[in-house]
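Engineer: Okay, so here is coords_12.pdb, and as you'll see once you scroll down, it has PDB, C-alpha atoms.
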ATOM      1  CA  MET A   1       0.000   0.000   0.000
ATOM      2  CA  ASN A   2       1.399   3.407  -0.965
ATOM      3  CA  ASP A   3       2.070   5.856   1.866
ATOM      4  CA  ALA A   4       0.619   9.237   0.879
ATOM      5  CA  ARG A   5       3.008  10.822   3.381
ATOM      6  CA  ALA A   6       6.105   9.386   1.665
ATOM      7  CA  PRO A   7       8.505  12.064   0.345
ATOM      8  CA  LYS A   8       8.061  12.947  -3.282
ATOM      9  CA  LYS A   9      10.874  12.198  -5.674
ATOM     10  CA  PRO A  10      12.979  15.107  -6.908
ATOM     11  CA  LEU A  11      11.950  16.336 -10.353
ATOM     12  CA  LEU A  12      14.161  16.360 -13.407
ATOM     13  CA  VAL A  13      12.364  18.781 -15.753
ATOM     14  CA  LEU A  14      13.322  18.440 -19.406
ATOM     15  CA  ASP A  15      12.686  20.671 -22.388
ATOM     16  CA  PHE A  16      11.873  19.008 -25.732
ATOM     17  CA  ASP A  17      13.282  20.721 -28.851
ATOM     18  CA  GLY A  18      17.034  21.143 -28.614
ATOM     19  CA  THR A  19      17.191  19.172 -25.358
ATOM     20  CA  VAL A  20      15.837  15.608 -25.548
ATOM     21  CA  CYS A  21      15.006  15.935 -29.263
ATOM     22  CA  ILE A  22      17.940  17.167 -31.345
ATOM     23  CA  GLY A  23      18.677  17.781 -34.993
ATOM     24  CA  ASP A  24      18.085  20.758 -37.264
ATOM     25  CA  ALA A  25      15.526  19.068 -39.517
ATOM     26  CA  PRO A  26      12.521  20.448 -37.572
ATOM     27  CA  VAL A  27      13.894  23.993 -37.954
ATOM     28  CA  TRP A  28      14.380  23.476 -41.675
ATOM     29  CA  ALA A  29      10.837  22.087 -41.951
ATOM     30  CA  TYR A  30       9.616  25.260 -40.260
ATOM     31  CA  ALA A  31      11.699  27.408 -42.592
ATOM     32  CA  GLU A  32      10.332  25.587 -45.639
ATOM     33  CA  ALA A  33       6.766  26.104 -44.408
ATOM     34  CA  VAL A  34       7.423  29.806 -43.748
ATOM     35  CA  ILE A  35       8.952  30.357 -47.174
ATOM     36  CA  ALA A  36       6.130  28.484 -48.921
ATOM     37  CA  SER A  37       3.471  30.470 -47.054
ATOM     38  CA  ILE A  38       5.144  33.804 -47.823
ATOM     39  CA  LEU A  39       5.399  32.969 -51.516
ATOM     40  CA  ASP A  40       1.758  31.848 -51.575
ATOM     41  CA  ASP A  41       0.630  35.029 -49.819
ATOM     42  CA  ALA A  42       2.691  37.170 -52.188
ATOM     43  CA  SER A  43       0.091  36.467 -54.904
ATOM     44  CA  GLY A  44       2.590  36.494 -57.725
ATOM     45  CA  SER A  45       4.681  39.458 -56.578
ATOM     46  CA  SER A  46       8.424  38.978 -56.361
ATOM     47  CA  VAL A  47       9.753  38.139 -52.884
ATOM     48  CA  ASP A  48      13.546  37.832 -52.722
ATOM     49  CA  LEU A  49      13.620  35.710 -49.583
ATOM     50  CA  ASP A  50      14.217  32.048 -50.375
ATOM     51  CA  ALA A  51      17.971  31.923 -51.011
ATOM     52  CA  PRO A  52      18.994  34.618 -48.480
ATOM     53  CA  LEU A  53      16.963  33.022 -45.681
ATOM     54  CA  ARG A  54      18.378  29.570 -46.372
ATOM     55  CA  ALA A  55      21.933  30.886 -46.516
ATOM     56  CA  ARG A  56      21.687  32.911 -43.305
ATOM     57  CA  LEU A  57      19.862  30.156 -41.417
ATOM     58  CA  GLY A  58      22.465  27.633 -42.502
ATOM     59  CA  ALA A  59      25.261  29.922 -41.362
ATOM     60  CA  PHE A  60      23.650  30.342 -37.939
ATOM     61  CA  LEU A  61      22.985  26.618 -37.447
ATOM     62  CA  ASP A  62      26.538  25.794 -38.519
ATOM     63  CA  GLY A  63      27.917  28.284 -36.015
ATOM     64  CA  GLU A  64      29.734  30.370 -38.596
ATOM     65  CA  PRO A  65      31.639  33.325 -37.079
ATOM     66  CA  GLY A  66      29.730  36.570 -37.299
ATOM     67  CA  SER A  67      26.286  34.968 -37.398
ATOM     68  CA  PRO A  68      23.690  36.850 -35.301
ATOM     69  CA  ALA A  69      23.062  35.387 -31.834
ATOM     70  CA  TYR A  70      19.470  34.210 -32.208
ATOM     71  CA  ILE A  71      18.226  32.195 -29.241
ATOM     72  CA  ASP A  72      17.548  29.170 -31.476
ATOM     73  CA  GLY A  73      16.763  28.137 -35.036
ATOM     74  CA  TYR A  74      13.061  28.918 -34.766
ATOM     75  CA  ALA A  75      13.812  32.467 -33.623
ATOM     76  CA  ALA A  76      16.309  32.761 -36.463
ATOM     77  CA  VAL A  77      13.675  31.834 -39.063
ATOM     78  CA  ALA A  78      11.171  34.304 -37.617
ATOM     79  CA  ALA A  79      13.756  37.103 -37.542
ATOM     80  CA  LEU A  80      14.982  36.386 -41.064
ATOM     81  CA  ALA A  81      11.394  36.409 -42.353
ATOM     82  CA  ALA A  82      10.552  39.676 -40.580
ATOM     83  CA  GLY A  83       8.798  42.108 -42.871
ATOM     84  CA  HIS A  84       7.387  39.281 -44.967
ATOM     85  CA  ALA A  85       5.597  37.104 -42.402
ATOM     86  CA  SER A  86       2.820  37.941 -39.957
ATOM     87  CA  GLU A  87       2.562  36.240 -36.583
ATOM     88  CA  GLU A  88      -0.421  34.273 -37.897
ATOM     89  CA  LEU A  89       1.623  33.051 -40.869
ATOM     90  CA  LEU A  90       4.473  32.003 -38.593
ATOM     91  CA  GLN A  91       2.103  30.085 -36.329
ATOM     92  CA  ARG A  92       0.516  28.373 -39.316
ATOM     93  CA  ALA A  93       3.926  27.363 -40.617
ATOM     94  CA  TYR A  94       4.940  26.096 -37.180
ATOM     95  CA  ARG A  95       1.851  23.885 -36.995
ATOM     96  CA  THR A  96       2.674  22.525 -40.455
ATOM     97  CA  SER A  97       6.199  21.641 -39.324
ATOM     98  CA  ARG A  98       4.886  19.920 -36.172
ATOM     99  CA  ARG A  99       2.515  17.793 -38.249
ATOM    100  CA  ALA A 100       5.503  16.687 -40.311
ATOM    101  CA  LEU A 101       7.295  15.799 -37.082
ATOM    102  CA  ALA A 102       4.298  13.759 -35.931
ATOM    103  CA  ASP A 103       4.175  11.986 -39.297
ATOM    104  CA  GLY A 104       7.788  10.879 -38.902
ATOM    105  CA  THR A 105       8.993  12.671 -42.022
ATOM    106  CA  VAL A 106      11.419  14.905 -40.110
ATOM    107  CA  ALA A 107      14.698  13.329 -39.013
ATOM    108  CA  VAL A 108      15.520  13.812 -35.331
ATOM    109  CA  SER A 109      17.376  11.879 -32.652
ATOM    110  CA  ALA A 110      18.029  11.775 -28.929
ATOM    111  CA  PRO A 111      21.387  12.869 -27.480
ATOM    112  CA  ASP A 112      23.911  10.041 -27.192
ATOM    113  CA  GLY A 113      23.141   7.752 -24.266
ATOM    114  CA  LEU A 114      20.120   9.739 -23.072
ATOM    115  CA  ALA A 115      17.712   6.799 -22.747
ATOM    116  CA  ALA A 116      20.174   4.808 -20.629
ATOM    117  CA  PHE A 117      20.978   7.904 -18.554
ATOM    118  CA  LEU A 118      17.306   8.671 -17.825
ATOM    119  CA  ASN A 119      16.495   5.030 -17.158
ATOM    120  CA  ALA A 120      19.279   4.834 -14.573
ATOM    121  CA  LEU A 121      17.824   7.887 -12.799
ATOM    122  CA  GLY A 122      14.256   6.561 -12.855
ATOM    123  CA  GLU A 123      14.239   5.101  -9.344
ATOM    124  CA  ARG A 124      15.573   8.287  -7.757
ATOM    125  CA  VAL A 125      13.842  11.085  -9.678
ATOM    126  CA  GLU A 126      10.639  11.775 -11.554
ATOM    127  CA  ARG A 127      11.379  12.663 -15.186
ATOM    128  CA  VAL A 128       9.006  15.315 -16.528
ATOM    129  CA  LEU A 129       8.963  16.770 -20.031
ATOM    130  CA  VAL A 130       7.757  20.400 -20.046
ATOM    131  CA  THR A 131       7.522  21.895 -23.526
ATOM    132  CA  ASN A 132       5.879  24.756 -25.372
ATOM    133  CA  ALA A 133       5.263  22.409 -28.285
ATOM    134  CA  PRO A 134       1.751  21.055 -28.865
ATOM    135  CA  LEU A 135       1.036  17.419 -28.053
ATOM    136  CA  ASP A 136       0.877  16.690 -31.792
ATOM    137  CA  GLY A 137       4.310  15.297 -32.594
ATOM    138  CA  VAL A 138       5.762  15.030 -29.095
ATOM    139  CA  GLN A 139       4.634  11.515 -28.138
ATOM    140  CA  GLU A 140       5.286  10.171 -31.618
ATOM    141  CA  THR A 141       8.779  11.624 -31.601
ATOM    142  CA  LEU A 142       9.621  10.297 -28.146
ATOM    143  CA  SER A 143       8.698   6.816 -29.391
ATOM    144  CA  ALA A 144      10.725   7.258 -32.583
ATOM    145  CA  ILE A 145      13.882   8.331 -30.742
ATOM    146  CA  GLY A 146      13.607   5.667 -28.034
ATOM    147  CA  LEU A 147      12.536   7.797 -25.080
ATOM    148  CA  ALA A 148       8.883   6.827 -24.657
ATOM    149  CA  ASP A 149       9.667   4.677 -21.599
ATOM    150  CA  SER A 150      12.188   7.134 -20.154
ATOM    151  CA  ILE A 151       9.737   9.975 -19.392
ATOM    152  CA  ASP A 152       7.246   9.743 -16.525
ATOM    153  CA  ARG A 153       5.048  12.715 -17.364
ATOM    154  CA  ILE A 154       4.538  15.093 -20.295
ATOM    155  CA  VAL A 155       3.341  18.700 -20.076
ATOM    156  CA  THR A 156       2.728  20.288 -23.495
ATOM    157  CA  ASP A 157       1.639  23.811 -24.511
ATOM    158  CA  ALA A 158       3.424  25.010 -21.369
ATOM    159  CA  GLY A 159       3.673  28.635 -22.499
ATOM    160  CA  LYS A 160       7.172  29.139 -21.107
ATOM    161  CA  PRO A 161       8.406  31.480 -19.792
ATOM    162  CA  ALA A 162       5.115  33.013 -18.574
ATOM    163  CA  GLY A 163       3.671  29.544 -18.018
ATOM    164  CA  TRP A 164       6.139  28.869 -15.214
ATOM    165  CA  ALA A 165       3.970  31.055 -12.953
ATOM    166  CA  THR A 166       1.432  28.229 -12.935
ATOM    167  CA  ALA A 167       3.668  25.239 -13.611
ATOM    168  CA  LEU A 168       6.325  25.808 -10.943
ATOM    169  CA  PRO A 169       3.999  25.869  -7.903
ATOM    170  CA  GLU A 170       2.310  22.716  -9.188
ATOM    171  CA  LEU A 171       5.612  20.937  -9.824
ATOM    172  CA  LEU A 172       7.149  22.027  -6.521
ATOM    173  CA  ALA A 173       4.166  21.043  -4.345
ATOM    174  CA  GLY A 174       5.610  18.983  -1.487
ATOM    175  CA  ARG A 175       9.197  19.583  -2.635
ATOM    176  CA  LEU A 176      11.998  21.985  -1.802
ATOM    177  CA  PRO A 177      13.108  24.233  -4.698
ATOM    178  CA  ALA A 178      16.470  22.443  -4.837
ATOM    179  CA  GLU A 179      14.590  19.222  -5.559
ATOM    180  CA  LEU A 180      13.727  20.474  -9.043
ATOM    181  CA  LEU A 181      16.369  20.630 -11.759
ATOM    182  CA  SER A 182      15.363  22.241 -15.056
ATOM    183  CA  VAL A 183      17.314  21.333 -18.197
ATOM    184  CA  GLY A 184      16.954  23.299 -21.421
ATOM    185  CA  ASP A 185      18.662  25.042 -24.311
ATOM    186  CA  ILE A 186      16.960  28.456 -24.075
ATOM    187  CA  TRP A 187      17.902  30.230 -20.851
ATOM    188  CA  GLY A 188      15.009  32.714 -20.871
ATOM    189  CA  ASN A 189      12.410  30.020 -21.505
ATOM    190  CA  ASP A 190      13.753  27.032 -19.606
ATOM    191  CA  LEU A 191      15.963  28.285 -16.781
ATOM    192  CA  GLU A 192      15.353  31.905 -15.804
ATOM    193  CA  GLN A 193      12.141  31.404 -13.807
ATOM    194  CA  PRO A 194      13.157  28.119 -12.121
ATOM    195  CA  LEU A 195      16.466  29.740 -11.144
ATOM    196  CA  ALA A 196      14.651  32.731  -9.650
ATOM    197  CA  ALA A 197      12.507  30.307  -7.627
ATOM    198  CA  GLY A 198      15.582  28.660  -6.114
ATOM    199  CA  CYS A 199      15.624  25.590  -8.345
ATOM    200  CA  VAL A 200      18.723  23.988  -9.844
ATOM    201  CA  THR A 201      19.363  24.636 -13.535
ATOM    202  CA  ALA A 202      21.342  23.066 -16.379
ATOM    203  CA  LEU A 203      21.927  24.910 -19.653
ATOM    204  CA  ILE A 204      22.672  23.319 -23.012
ATOM    205  CA  ASP A 205      24.617  26.151 -24.624
ATOM    206  CA  ARG A 206      25.043  24.797 -28.157
ATOM    207  CA  PHE A 207      25.940  28.144 -29.690
ATOM    208  CA  GLY A 208      28.083  29.452 -26.814
ATOM    209  CA  HIS A 209      25.862  32.481 -26.244
ATOM    210  CA  ARG A 210      26.228  32.431 -22.435
ATOM    211  CA  ALA A 211      22.715  33.784 -22.191
ATOM    212  CA  GLY A 212      22.430  33.629 -18.403
ATOM    213  CA  PRO A 213      23.652  31.944 -15.203
ATOM    214  CA  ALA A 214      23.151  28.247 -14.511
ATOM    215  CA  HIS A 215      24.387  25.673 -12.015
ATOM    216  CA  LEU A 216      25.549  23.455 -14.879
ATOM    217  CA  THR A 217      26.477  24.430 -18.439
ATOM    218  CA  ALA A 218      27.665  22.329 -21.375
ATOM    219  CA  SER A 219      27.575  22.517 -25.151
ATOM    220  CA  ASP A 220      25.425  19.372 -25.331
ATOM    221  CA  PHE A 221      23.247  17.256 -23.060
ATOM    222  CA  PRO A 222      25.791  14.451 -22.464
ATOM    223  CA  GLY A 223      28.129  17.071 -21.023
ATOM    224  CA  LEU A 224      25.577  17.577 -18.224
ATOM    225  CA  TYR A 225      25.134  13.916 -17.255
ATOM    226  CA  ASP A 226      27.717  13.797 -14.451
ATOM    227  CA  GLY A 227      26.407  16.961 -12.815
ATOM    228  CA  ILE A 228      22.804  15.792 -12.999
ATOM    229  CA  ARG A 229      23.776  12.441 -11.470
ATOM    230  CA  ALA A 230      25.436  14.280  -8.582
ATOM    231  CA  TRP A 231      22.315  16.414  -8.068
ATOM    232  CA  SER A 232      20.020  13.348  -8.105
ATOM    233  CA  ALA A 233      22.034  11.719  -5.312
ATOM    234  CA  ASP A 234      21.700  14.753  -2.996
ATOM    235  CA  PRO A 235      19.653  17.639  -4.429
ATOM    236  CA  VAL A 236      19.864  19.934  -1.416
ATOM    237  CA  GLY A 237      23.550  19.271  -0.836
ATOM    238  CA  PHE A 238      24.268  19.857  -4.507
ATOM    239  CA  ALA A 239      22.407  23.181  -4.497
ATOM    240  CA  GLU A 240      24.287  24.323  -1.398
ATOM    241  CA  ALA A 241      27.665  23.350  -2.847
ATOM    242  CA  HIS A 242      27.109  24.772  -6.328
ATOM    243  CA  ARG A 243      26.197  28.328  -7.130
ATOM    244  CA  PRO A 244      24.986  29.442 -10.571
ATOM    245  CA  THR A 245      27.853  30.586 -12.735
ATOM    246  CA  ALA A 246      27.405  34.152 -14.010
ATOM    247  CA  SER A 247      27.258  34.572 -17.771
ATOM    248  CA  SER A 248      26.945  37.409 -20.215
ATOM    249  CA  THR A 249      23.600  38.468 -21.637
ATOM    250  CA  LEU A 250      22.409  37.451 -25.083
ATOM    251  CA  THR A 251      22.183  40.578 -27.193
ATOM    252  CA  ALA A 252      20.385  39.416 -30.325
TER     253      ALA A 252
END
Mind converting the file's structure to structure tokens?

Structural biologist:
Amino acid sequence: MNDARAPKKPLLVLDFDGTVCIGDAPVWAYAEAVIASILDDASGSSVDLDAPLRARLGAFLDGEPGSPAYIDGYAAVAALAAGHASEELLQRAYRTSRRALADGTVAVSAPDGLAAFLNALGERVERVLVTNAPLDGVQETLSAIGLADSIDRIVTDAGKPAGWATALPELLAGRLPAELLSVGDIWGNDLEQPLAAGCVTALIDRFGHRAGPAHLTASDFPGLYDGIRAWSADPVGFAEAHRPTASSTLTA
């Protein structure tokens, strides 16, 4: 019989795109949908967007020196299409790209060793996926990349960062702030609010933007594994022994 008074497991909170689901194909699918929608809406007028957008997006994703510091590929597409695409068009294109993800026509993968890493943590922590993405595509993708059995709970349409105002109190109920570790690749969306609430944070800084402070920082998820293991063994002790490392602010 379960004891309702038993302590709750610490929470490992995971972002989806760029964190447990990696690969640039979803961004390119979004870019293709944006370009197609702009050309359709142009009603025959000339729009010199296709080649420049592809070239600049490719340069950003490849980390070429001098590329603007967008927060991620989706933000890059939206910025590069500015002046040609309305917010409604961008949302429509995003939904199109997510349907392609759900259909399995977009190539993605999990970070090396992530399933085994999460499975090893399963007895000590609760593994929760918290994403702004809609449900359409998330479950299918987790199955395709071998993580369906490595996640305990899924929260979609989270509306981060504003959505943390509701999500954090619910997630932290019965837990100390240090017993929640949030992992993500966009500091302002995934880490800023949990950090302010006293939670532990881990930043995947693929592009080296140093967008904000975090307890753990690495260029990819596997680089965070050892630190997350240490936190899972003693969340409060880890939080007391590790202070967020200050970083510079993302300027573009």

Engineer: Report, as lines of an AutoDock Vina configuration file, the centre and edge lengths in Å (one decimal) of the axis-aligned box enclosing every listed atom of range 76-92 of chain A, padded by 6 Å on each side.

Structural biologist:
center_x = 7.9
center_y = 35.2
center_z = -40.6
size_x = 28.7
size_y = 25.7
size_z = 20.6

Engineer: For Asp24 in chain A, find every residue with an atom within 8 Å (counting only C-alpha atoms), except residues of its own chain fewer than 3 positions away, and show them as a VMD selection string.

Structural biologist: chain A and resid 27 to 28 61 73 108

Engineer: Which residues, written as a list in words, have at least one atom at most 8 Å from Val106 in chain A, with all atoms listed in the file counted and residues fewer than 2 positions away on the same chain left out?

Structural biologist: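 Neighbouring residues, sequence-local ones excluded: Ala25, Pro26, Ala29, Ala100, Leu101, Asp103, Gly104 and Val108 of chain A.
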
Engineer: Export C-alpha atoms of the chosen residues as a PDB file, keeping the file's coordinate frame?

Structural biologist:
ATOM      1  CA  ALA A  25      15.526  19.068 -39.517  1.00  0.00           C
ATOM      2  CA  PRO A  26      12.521  20.448 -37.572  1.00  0.00           C
ATOM      3  CA  ALA A  29      10.837  22.087 -41.951  1.00  0.00           C
ATOM      4  CA  ALA A 100       5.503  16.687 -40.311  1.00  0.00           C
ATOM      5  CA  LEU A 101       7.295  15.799 -37.082  1.00  0.00           C
ATOM      6  CA  ASP A 103       4.175  11.986 -39.297  1.00  0.00           C
ATOM      7  CA  GLY A 104       7.788  10.879 -38.902  1.00  0.00           C
ATOM      8  CA  VAL A 108      15.520  13.812 -35.331  1.00  0.00           C
TER       9      VAL A 108
END

Engineer: If we draw a sphere of 12 Å around (26.5, 12.7, -14.9), which residues have at least one atom in it when counting all atoms listed in the file? Please report them as an NGL selection string.

Structural biologist: :A and (113-114 or 116-118 or 120-121 or 202 or 216 or 218 or 221-233)

Engineer: Show which residues sit within 6 Å of Leu147 in chain A, as number ranges by chain. Count only C-alpha atoms, and ignore same-chain residues fewer than 4 positions away.

Structural biologist: A: 115, 142-143

Engineer: Can you translate the PyMOL selection byres ((chain A and resi 10-19) around 7) into the concrete residues it hits in this file, as a ChimeraX atom specification?

Structural biologist: /A:8-9,20-22,125-131,179-185,221

Engineer: Could you produce a table of the residues of range 69-109 of chain A lying within 9 Å of range 204-207 of chain A, with the nearest pair of atoms per residue and their separation in Å rounded to one decimal, using all atoms listed in the file, ordered by chain and increasing residue number, as a Markdown table?

Structural biologist:
| residue | atom | partner | partner_atom | distance |
| --- | --- | --- | --- | --- |
| A:Ala69 | CA | A:Phe207 | CA | 8.1 |
| A:Ile71 | CA | A:Phe207 | CA | 8.7 |
| A:Asp72 | CA | A:Phe207 | CA | 8.6 |
